[in-house]
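Source file: run_12.cif. Holds: mmCIF, C-alpha atoms.
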data_protein
#
loop_
_atom_site.label_atom_id
_atom_site.label_comp_id
_atom_site.auth_asym_id
_atom_site.auth_seq_id
_atom_site.Cartn_x
_atom_site.Cartn_y
_atom_site.Cartn_z
CA PRO A 1 -3.29 17.15 -6.65
CA ASP A 2 0.16 15.76 -5.94
CA LEU A 3 0.37 12.35 -4.31
CA SER A 4 3.61 11.49 -2.53
CA VAL A 5 4.73 8.15 -1.10
CA LYS A 6 6.88 7.60 1.97
CA ILE A 7 7.80 4.19 3.35
CA ASN A 8 7.72 4.45 7.15
CA GLN A 9 8.98 1.01 8.17
CA ILE A 10 9.53 -2.53 6.99
CA GLY A 11 9.01 -5.62 9.08
CA TYR A 12 6.57 -8.46 9.49
CA LEU A 13 3.14 -9.32 10.83
CA ALA A 14 3.14 -11.31 14.08
CA THR A 15 -0.44 -12.50 13.35
CA THR A 16 -2.79 -12.16 10.39
CA SER A 17 -3.83 -8.68 11.59
CA ALA A 18 -2.18 -5.54 10.17
CA SER A 19 -2.19 -4.18 13.73
CA SER A 20 0.38 -6.87 14.67
CA PHE A 21 3.10 -5.13 12.60
CA VAL A 22 6.61 -5.50 14.06
CA ALA A 23 9.28 -3.15 12.67
CA SER A 24 12.40 -5.08 11.64
CA SER A 25 14.86 -5.10 8.75
CA THR A 26 14.85 -8.92 8.91
CA VAL A 27 11.78 -11.13 8.61
CA PRO A 28 11.96 -14.32 10.74
CA VAL A 29 11.33 -17.72 9.19
CA GLY A 30 7.59 -18.38 8.89
CA SER A 31 6.51 -14.74 9.29
CA ARG A 32 4.66 -12.58 6.77
CA PRO A 33 6.82 -9.70 5.49
CA ALA A 34 5.11 -6.31 5.64
CA VAL A 35 5.63 -2.68 4.78
CA SER A 36 4.16 0.39 6.47
CA PHE A 37 3.79 3.44 4.24
CA ILE A 38 1.92 6.72 3.89
CA ILE A 39 0.44 8.35 0.82
CA LYS A 40 -0.20 12.07 1.15
CA ASN A 41 -1.68 14.71 -1.11
CA VAL A 42 0.91 17.48 -0.97
CA GLY A 43 -0.81 19.38 -3.79
CA THR A 44 -3.35 22.19 -3.69
CA ASN A 45 -6.38 20.35 -5.16
CA ALA A 46 -8.38 17.27 -4.13
CA SER A 47 -7.19 14.07 -5.76
CA GLY A 48 -10.37 12.31 -6.77
CA ALA A 49 -10.30 8.49 -6.80
CA TRP A 50 -6.84 6.96 -7.27
CA ARG A 51 -4.99 3.64 -6.81
CA PHE A 52 -1.58 2.43 -5.72
CA SER A 53 0.57 -0.55 -6.63
CA ALA A 54 3.11 -2.51 -4.62
CA SER A 55 5.91 -4.55 -6.13
CA ILE A 56 6.69 -7.22 -3.55
CA PRO A 57 9.29 -10.01 -3.41
CA THR A 58 7.18 -13.14 -3.82
CA GLN A 59 8.02 -16.56 -5.25
CA THR A 60 6.18 -15.71 -8.44
CA ALA A 61 6.63 -12.13 -9.65
CA TYR A 62 3.65 -10.14 -8.40
CA VAL A 63 2.54 -6.53 -8.36
CA TYR A 64 -0.39 -5.77 -6.07
CA GLN A 65 -2.83 -3.22 -7.51
CA SER A 66 -5.19 -1.64 -5.01
CA PRO A 67 -8.86 -0.97 -5.60
CA ALA A 68 -9.89 2.69 -5.94
CA GLN A 69 -8.92 4.73 -2.90
CA GLN A 70 -10.82 7.63 -1.35
CA THR A 71 -10.27 11.22 -2.45
CA LEU A 72 -7.51 12.99 -0.57
CA ALA A 73 -7.99 16.70 0.06
CA PRO A 74 -4.86 18.88 0.10
CA GLY A 75 -2.79 17.90 3.15
CA ASP A 76 -4.72 14.65 3.75
CA SER A 77 -2.90 11.33 4.00
CA ILE A 78 -3.58 7.63 4.55
CA ASP A 79 -1.35 5.19 6.45
CA TYR A 80 -1.18 1.66 5.07
CA THR A 81 0.26 -1.61 6.32
CA LEU A 82 0.58 -4.25 3.63
CA GLY A 83 1.61 -7.82 4.47
CA PHE A 84 2.21 -10.56 1.93
CA ASP A 85 2.53 -14.32 1.64
CA GLN A 86 4.81 -16.58 -0.42
CA ALA A 87 7.80 -14.31 0.09
CA ILE A 88 11.06 -15.24 -1.56
CA SER A 89 13.91 -15.47 0.94
CA GLY A 90 17.17 -13.58 0.65
CA THR A 91 18.86 -10.28 1.37
CA ASN A 92 18.15 -6.93 -0.26
CA LYS A 93 14.71 -7.94 -1.53
CA ILE A 94 13.08 -4.81 -2.96
CA ILE A 95 9.64 -3.50 -2.00
CA SER A 96 8.37 -0.63 -4.13
CA ILE A 97 5.16 1.40 -3.67
CA THR A 98 3.74 3.61 -6.44
CA ALA A 99 0.82 6.01 -6.02
CA ASN A 100 -1.35 6.70 -9.07
CA PHE A 101 0.49 4.00 -11.06
CA ASP A 102 -2.22 4.06 -13.69
CA THR A 103 -2.10 7.88 -14.00
CA ALA A 104 -5.85 8.06 -13.38
CA ILE A 105 -5.45 11.54 -11.94
CA ALA A 106 -3.47 14.45 -13.38
CA GLU A 107 -0.76 15.47 -10.92
CA SER A 108 1.41 18.54 -10.61
CA ASN A 109 4.46 16.35 -9.80
CA LYS A 110 4.92 12.65 -10.57
CA ALA A 111 8.54 12.46 -9.37
CA ASN A 112 7.43 11.71 -5.78
CA ASN A 113 4.97 8.92 -6.63
CA THR A 114 7.31 5.99 -5.90
CA ALA A 115 9.28 4.89 -2.86
CA SER A 116 11.39 1.74 -2.50
CA THR A 117 13.28 -0.05 0.23
CA SER A 118 14.95 -3.41 0.76
CA ILE A 119 14.33 -6.12 3.31
CA THR A 120 15.97 -9.38 4.38
CA ILE A 121 13.64 -12.40 4.41
CA LEU A 122 14.97 -15.48 6.18
CA GLY A 123 14.16 -18.82 4.58
CA SER A 124 13.34 -22.13 6.16
#

What does this structure look like when you write it as structure tokens?
Amino acid sequence: PDLSVKINQIGYLATTSASSFVASSTVPVGSRPAVSFIIKNVGTNASGAWRFSASIPTQTAYVYQSPAQQTLAPGDSIDYTLGFDQAISGTNKIISITANFDTAIAESNKANNTASTSITILGS
């Protein structure tokens, strides 16, 4: 297996639903910042169970660690939208996603396991 991460878009959630994602490089005051990303198995073997982590700009340093995710067959992918509360305002706030952060599965290439981007979060 070889899990790769690609951040599709950054933005915010207009409601509490992930389906309310609005793409934007700036998060309005009072909105929940969010990131849309895809994790794909670009390898030649099934992944088995795996997890991902997300480093997000919150008022207290926090790294989200997902529960176990479903096996990805070669070529399979999953799209995620992750919103978060208690964001810290400012420019160039970094969001970083890492697949297989705990190295639970042996991969042919770990260099493509992390993707990062920055976002502007407006304060009150």

List the residues sitting within 7 Å of (9.3, -9.2, 8.0) in the file's frame, using all atoms listed in the file, as a short mmCIF file (atom, residue, chain, number, x, y, z; two decimals) with C-alpha atoms, keeping the file's coordinate frame.
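So selection.cif came out as:
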data_model
loop_
_atom_site.label_atom_id
_atom_site.label_comp_id
_atom_site.auth_asym_id
_atom_site.auth_seq_id
_atom_site.Cartn_x
_atom_site.Cartn_y
_atom_site.Cartn_z
CA ILE A 10 9.53 -2.53 6.99
CA GLY A 11 9.01 -5.62 9.08
CA TYR A 12 6.57 -8.46 9.49
CA LEU A 13 3.14 -9.32 10.83
CA SER A 24 12.40 -5.08 11.64
CA SER A 25 14.86 -5.10 8.75
CA THR A 26 14.85 -8.92 8.91
CA VAL A 27 11.78 -11.13 8.61
CA PRO A 28 11.96 -14.32 10.74
CA SER A 31 6.51 -14.74 9.29
CA ARG A 32 4.66 -12.58 6.77
CA PRO A 33 6.82 -9.70 5.49
CA ALA A 34 5.11 -6.31 5.64
CA ILE A 121 13.64 -12.40 4.41
#

For this session: Considering all atoms listed in the file, return as number ranges by chain whatever protein or nucleic-acid residues lie within 8 Å of Leu82 in chain A, sequence-local ones (same chain, fewer than 3 positions apart) excluded.
Result: A: 18, 34-36

For this session: Record the distance separating CA of Ile94 in chain A and CA of Thr117 in chain A, expressed in Å with one decimal.
Result: 5.7 Å

For this session: Could you tell me which of A:Asn41, A:Ser116, A:Ser19, A:Ser66 comes closest to Phe101 in chain A if we count only C-alpha atoms?
Result: A:Ser66

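Counting all atoms listed in the file, Lys40 in chain A has the following residues at most 10 Å away, ignoring those fewer than 6 positions along the same chain: Pro1, Asp2, Leu3, Ser4, Val5, Lys6, Leu72, Ala73, Pro74, Gly75, Asp76, Ser77, Ile78, Asp79, Ala99 and Asn113 of chain A.
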
Residues within 12 Å of Asp102 in chain A, all atoms listed in the file, excluding chain neighbours under 4 positions, as a JSON list (two decimals) with C-alpha atoms, in the frame of the given file:
[["chain", "number", "residue", "atom", "x", "y", "z"],
["A", 49, "ALA", "CA", -10.30, 8.49, -6.80],
["A", 50, "TRP", "CA", -6.84, 6.96, -7.27],
["A", 51, "ARG", "CA", -4.99, 3.64, -6.81],
["A", 52, "PHE", "CA", -1.58, 2.43, -5.72],
["A", 53, "SER", "CA", 0.57, -0.55, -6.63],
["A", 65, "GLN", "CA", -2.83, -3.22, -7.51],
["A", 66, "SER", "CA", -5.19, -1.64, -5.01],
["A", 67, "PRO", "CA", -8.86, -0.97, -5.60],
["A", 68, "ALA", "CA", -9.89, 2.69, -5.94],
["A", 98, "THR", "CA", 3.74, 3.61, -6.44],
["A", 106, "ALA", "CA", -3.47, 14.45, -13.38],
["A", 107, "GLU", "CA", -0.76, 15.47, -10.92],
["A", 110, "LYS", "CA", 4.92, 12.65, -10.57],
["A", 113, "ASN", "CA", 4.97, 8.92, -6.63]]

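Here the question is which of A:Ala115, A:Ile56, A:Ala46, A:Ala104 gets nearest to Ala87 in chain A using all atoms listed in the file, and that residue is A:Ile56.
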
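When only C-alpha atoms are used to compute distances to Ile88 in chain A, the closest of the residues A:Thr103, A:Gln59, A:Ser17, A:Thr71 turns out to be A:Gln59.
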
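Proximity of A:Thr15, A:Thr114, A:Gln69, A:Thr91 to Phe37 in chain A, computed with all atoms listed in the file, is greatest for A:Thr114.
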
Exercise. What does the distance between CA of Ala14 in chain A and CA of Gln86 in chain A come to in Å, to one decimal place?
Worked result: 15.5 Å

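What separates CA of Ser96 in chain A from CA of Ser55 in chain A is a distance of 5.0 Å.
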
Problem set entry | Minimum-distance residue to Ser47 in chain A, chosen among A:Asn100, A:Asn112, A:Ser89, A:Ser118 (using all atoms listed in the file) | A:Asn100

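With only C-alpha atoms as the atoms that count, the minimum distance from Ile39 in chain A to the choices A:Gln9, A:Phe21, A:Tyr80, A:Gln70 is reached by A:Tyr80.
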